[in-house]
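Participant: Just dropping this structure here.
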Amino acid sequence: MTGRQEISLVRRTTALLLLAVAPVVACSGANPAEVRRDATAFPIVAHWTATSLPIAPATVTGALTFDQHLGYHADVTFSVSGPPNGAFQWRIFKRDCSVNVAAVNNTAATGLVLFATTQSYPDVTLDASGKATVMSQIAGWLDSLTPYSVRIRPTATTTFTGVNPAACGNLRYAPVK
């Protein structure tokens, strides 16, 4: 055998050994796939709150809690008070309540940008006493250095850009200790 044939034989042998051992390693229980459904597996890392105050002539108000978890998601509770049997939409937007113009696009440096998708925000229908609470799980991560606001408007079929809301409140960040 020549040196070239020996190297070729070694390469083939090594490749065959790797192919034979790979299924055994892949099926070992040393590194099982894991699905985490337990809330303690995703601890809360930040707590955000906001109180939405009415903008005249509206009378609707809201109180938001946003518990941000590891794992890129949040549990959100939004309690709304207003006219009995009223129906409202709510959204969290990047920028505070002083901004009242829609952003040109999602990367614009100015203007309101929707946080998450519209499907993340269920509509709120108030009961006969004028109160309701909705809960939602929202995929996403709020940046503690960015201002956010929660805005409410009467339910409509048009896209809610955050402009001219019935109520608005700035989110306040608090790290979890």
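If you're wondering about the labels, chains in the structure tokens are A, B, ... by order shown, residues count from 1 in each chain, ligands from 1 in order shown.
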Name all residues at most 8 Å from region 101-117 of chain A (count only C-alpha atoms; drop same-chain ones fewer than 3 positions away) and give them as an MDAnalysis selection string.
Facilitator: chainID A and resid 91:95 120:121 138:140 161:163
Participant: Using only C-alpha atoms, which residues sit within 8 Å of Pro154 (chain A) once same-chain residues fewer than 4 positions away are excluded, as a list in words?
Facilitator: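 With the cut-off at 8 Å, the set is Gly86, Ala87, Phe88, Gln89 and Ala166 of chain A.
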Participant: Could you check the closest approach to Ala156 (chain A) for each of A:Val124, A:Val99, A:Val76, A:Ala63 and tell me which residue wins, using only C-alpha atoms?
Facilitator: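 Smallest separation from Ala156 (chain A) among the options: A:Val124.
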Participant: Between CA of Ile55 (chain A) and CA of Asn164 (chain A), measure the distance and give it in Å to one decimal.
Facilitator: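 We find that CA of Ile55 (chain A) and CA of Asn164 (chain A) lie 8.7 Å from each other.
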Participant: Please provide the set of residues having any atom within 10 Å of Pro122 (chain A), restricted to only C-alpha atoms, with same-chain residues fewer than 3 positions apart removed, written as an MDAnalysis selection string.
Facilitator: chainID A and resid 88:91 118:119 125 134:136
Participant: Those same residues - N, CA and C atoms - I'd like them written as a tab-separated table (two decimals), in the first residue's frame.
Facilitator:
chain	number	residue	atom	x	y	z
A	88	PHE	N	-64.34	49.05	23.92
A	88	PHE	CA	-63.10	49.80	23.70
A	88	PHE	C	-61.99	48.90	23.18
A	89	GLN	N	-61.04	49.54	22.50
A	89	GLN	CA	-59.80	48.90	22.08
A	89	GLN	C	-58.67	49.54	22.87
A	90	TRP	N	-57.62	48.77	23.12
A	90	TRP	CA	-56.46	49.28	23.83
A	90	TRP	C	-55.21	48.71	23.18
A	91	ARG	N	-54.15	49.48	23.27
A	91	ARG	CA	-52.87	49.06	22.70
A	91	ARG	C	-51.74	49.70	23.51
A	118	THR	N	-51.69	43.36	16.84
A	118	THR	CA	-53.05	43.76	17.25
A	118	THR	C	-53.79	42.59	17.89
A	119	GLN	N	-53.45	41.35	17.52
A	119	GLN	CA	-54.09	40.17	18.10
A	119	GLN	C	-53.73	40.00	19.57
A	125	THR	N	-65.17	45.01	26.66
A	125	THR	CA	-66.58	45.39	26.72
A	125	THR	C	-66.97	45.55	28.17
A	134	VAL	N	-59.47	42.67	31.35
A	134	VAL	CA	-59.01	41.70	30.36
A	134	VAL	C	-57.58	41.29	30.70
A	135	MET	N	-57.26	40.04	30.36
A	135	MET	CA	-55.90	39.54	30.55
A	135	MET	C	-55.38	39.03	29.22
A	136	SER	N	-54.09	39.19	29.01
A	136	SER	CA	-53.48	38.77	27.76
A	136	SER	C	-52.04	38.36	28.02
Participant: Using only C-alpha atoms for the distances, tell me which of A:Arg151, A:His47, A:Lys131, A:His73 is nearest to Asn170 (chain A).
Facilitator: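 Closest candidate: A:Arg151.
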Participant: Counting only C-alpha atoms, which residue out of A:Ala74, A:Thr133, A:Asp123, A:Pro147 sits closest to Phe160 (chain A)?
Facilitator: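 The answer is A:Asp123, which sits nearest to Phe160 (chain A).
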Participant: May I have the residues within 10 Å of Gly62 (chain A) as a list in words, using only C-alpha atoms and disregarding those fewer than 6 positions away in the same chain?
Facilitator: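 Final neighbour list, sorted by chain and number: Ala50, Thr51, Ser52, Leu53, Pro54, Phe78, Ser79, Val80, Ser81, Gly82, Trp90, Lys131, Ala132, Thr133, Val150, Arg151, Ile152, Ala167, Cys168 and Gly169 of chain A.
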Participant: Write a file of the selected residues as a short mmCIF file (atom, residue, chain, number, x, y, z; two decimals), in the first residue's frame, keeping all heavy atoms.
Facilitator:
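Output (again-v7.cif):
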data_model
loop_
_atom_site.label_atom_id
_atom_site.label_comp_id
_atom_site.auth_asym_id
_atom_site.auth_seq_id
_atom_site.Cartn_x
_atom_site.Cartn_y
_atom_site.Cartn_z
N ALA A 50 -49.33 51.27 34.56
CA ALA A 50 -49.77 52.52 33.94
C ALA A 50 -51.20 52.80 34.37
O ALA A 50 -51.99 51.87 34.58
CB ALA A 50 -49.70 52.45 32.42
N THR A 51 -51.52 54.07 34.50
CA THR A 51 -52.89 54.51 34.74
C THR A 51 -53.28 55.41 33.58
O THR A 51 -52.66 56.46 33.37
CB THR A 51 -53.00 55.28 36.07
OG1 THR A 51 -52.58 54.41 37.12
CG2 THR A 51 -54.42 55.73 36.32
N SER A 52 -54.26 54.97 32.82
CA SER A 52 -54.74 55.76 31.67
C SER A 52 -55.82 56.72 32.14
O SER A 52 -56.82 56.30 32.69
CB SER A 52 -55.30 54.84 30.59
OG SER A 52 -54.29 54.05 30.05
N LEU A 53 -55.58 57.99 31.90
CA LEU A 53 -56.55 59.02 32.29
C LEU A 53 -57.31 59.50 31.07
O LEU A 53 -56.77 59.52 29.95
CB LEU A 53 -55.81 60.19 32.95
CG LEU A 53 -55.04 59.82 34.22
CD1 LEU A 53 -54.26 61.01 34.74
CD2 LEU A 53 -55.99 59.29 35.28
N PRO A 54 -58.57 59.90 31.25
CA PRO A 54 -59.39 60.31 30.11
C PRO A 54 -58.89 61.61 29.48
O PRO A 54 -58.33 62.47 30.16
CB PRO A 54 -60.78 60.49 30.71
CG PRO A 54 -60.57 60.69 32.17
CD PRO A 54 -59.29 59.98 32.52
N PHE A 78 -55.44 44.38 32.28
CA PHE A 78 -55.89 45.75 32.02
C PHE A 78 -57.33 45.88 32.50
O PHE A 78 -58.24 45.22 32.01
CB PHE A 78 -55.79 46.06 30.52
CG PHE A 78 -55.90 47.52 30.19
CD1 PHE A 78 -55.19 48.48 30.90
CD2 PHE A 78 -56.69 47.95 29.15
CE1 PHE A 78 -55.28 49.83 30.59
CE2 PHE A 78 -56.78 49.29 28.81
CZ PHE A 78 -56.08 50.23 29.54
N SER A 79 -57.53 46.75 33.49
CA SER A 79 -58.86 47.02 34.05
C SER A 79 -59.33 48.37 33.53
O SER A 79 -58.59 49.36 33.61
CB SER A 79 -58.80 47.05 35.57
OG SER A 79 -58.41 45.78 36.06
N VAL A 80 -60.55 48.39 33.02
CA VAL A 80 -61.08 49.59 32.39
C VAL A 80 -62.40 49.98 33.05
O VAL A 80 -63.21 49.12 33.39
CB VAL A 80 -61.30 49.35 30.87
CG1 VAL A 80 -61.88 50.59 30.20
CG2 VAL A 80 -60.00 48.94 30.20
N SER A 81 -62.59 51.29 33.23
CA SER A 81 -63.85 51.85 33.75
C SER A 81 -64.31 52.93 32.79
O SER A 81 -63.50 53.68 32.24
CB SER A 81 -63.65 52.47 35.13
OG SER A 81 -63.23 51.50 36.05
N GLY A 82 -65.62 53.00 32.59
CA GLY A 82 -66.16 53.99 31.69
C GLY A 82 -67.66 53.88 31.59
O GLY A 82 -68.31 53.36 32.50
N TRP A 90 -57.62 48.77 23.12
CA TRP A 90 -56.46 49.28 23.83
C TRP A 90 -55.21 48.71 23.18
O TRP A 90 -55.22 47.63 22.61
CB TRP A 90 -56.52 48.93 25.32
CG TRP A 90 -56.48 47.45 25.59
CD1 TRP A 90 -57.49 46.54 25.42
CD2 TRP A 90 -55.36 46.70 26.05
NE1 TRP A 90 -57.08 45.28 25.76
CE2 TRP A 90 -55.77 45.35 26.15
CE3 TRP A 90 -54.05 47.03 26.39
CZ2 TRP A 90 -54.92 44.33 26.57
CZ3 TRP A 90 -53.21 46.02 26.81
CH2 TRP A 90 -53.64 44.69 26.91
N LYS A 131 -67.53 48.55 34.13
CA LYS A 131 -66.20 48.02 34.48
C LYS A 131 -65.91 46.73 33.73
O LYS A 131 -66.82 45.97 33.41
CB LYS A 131 -66.12 47.76 35.98
CG LYS A 131 -66.30 49.03 36.81
CD LYS A 131 -65.98 48.78 38.26
CE LYS A 131 -66.20 49.98 39.13
NZ LYS A 131 -65.71 51.23 38.68
N ALA A 132 -64.64 46.47 33.47
CA ALA A 132 -64.20 45.22 32.84
C ALA A 132 -62.70 45.05 33.06
O ALA A 132 -61.97 46.04 33.21
CB ALA A 132 -64.52 45.21 31.36
N THR A 133 -62.27 43.81 33.08
CA THR A 133 -60.84 43.48 33.17
C THR A 133 -60.53 42.44 32.10
O THR A 133 -61.26 41.46 31.95
CB THR A 133 -60.48 42.93 34.56
OG1 THR A 133 -60.76 43.95 35.53
CG2 THR A 133 -59.01 42.55 34.64
N VAL A 150 -49.99 53.29 27.19
CA VAL A 150 -51.16 52.47 26.88
C VAL A 150 -52.28 53.44 26.52
O VAL A 150 -52.49 54.45 27.20
CB VAL A 150 -51.54 51.53 28.05
CG1 VAL A 150 -51.87 52.30 29.31
CG2 VAL A 150 -52.69 50.62 27.65
N ARG A 151 -52.95 53.16 25.41
CA ARG A 151 -53.97 54.06 24.87
C ARG A 151 -55.27 53.30 24.65
O ARG A 151 -55.25 52.13 24.26
CB ARG A 151 -53.48 54.68 23.56
CG ARG A 151 -52.28 55.58 23.79
CD ARG A 151 -51.50 55.84 22.51
NE ARG A 151 -50.32 56.63 22.82
CZ ARG A 151 -50.21 57.94 22.59
NH1 ARG A 151 -51.19 58.61 22.04
NH2 ARG A 151 -49.10 58.57 22.92
N ILE A 152 -56.37 53.99 24.91
CA ILE A 152 -57.71 53.41 24.78
C ILE A 152 -58.50 54.26 23.79
O ILE A 152 -58.38 55.49 23.77
CB ILE A 152 -58.46 53.44 26.14
CG1 ILE A 152 -57.63 52.77 27.23
CG2 ILE A 152 -59.82 52.78 26.01
CD1 ILE A 152 -58.22 52.95 28.63
N ALA A 167 -58.21 57.82 26.13
CA ALA A 167 -57.45 57.85 27.40
C ALA A 167 -56.03 57.41 27.10
O ALA A 167 -55.78 56.64 26.16
CB ALA A 167 -58.09 56.94 28.43
N CYS A 168 -55.10 57.89 27.93
CA CYS A 168 -53.69 57.54 27.74
C CYS A 168 -52.98 57.51 29.09
O CYS A 168 -53.30 58.30 29.98
CB CYS A 168 -53.02 58.55 26.81
SG CYS A 168 -51.35 58.05 26.32
N GLY A 169 -52.02 56.60 29.22
CA GLY A 169 -51.21 56.53 30.43
C GLY A 169 -49.81 56.06 30.10
O GLY A 169 -49.62 55.16 29.28
#
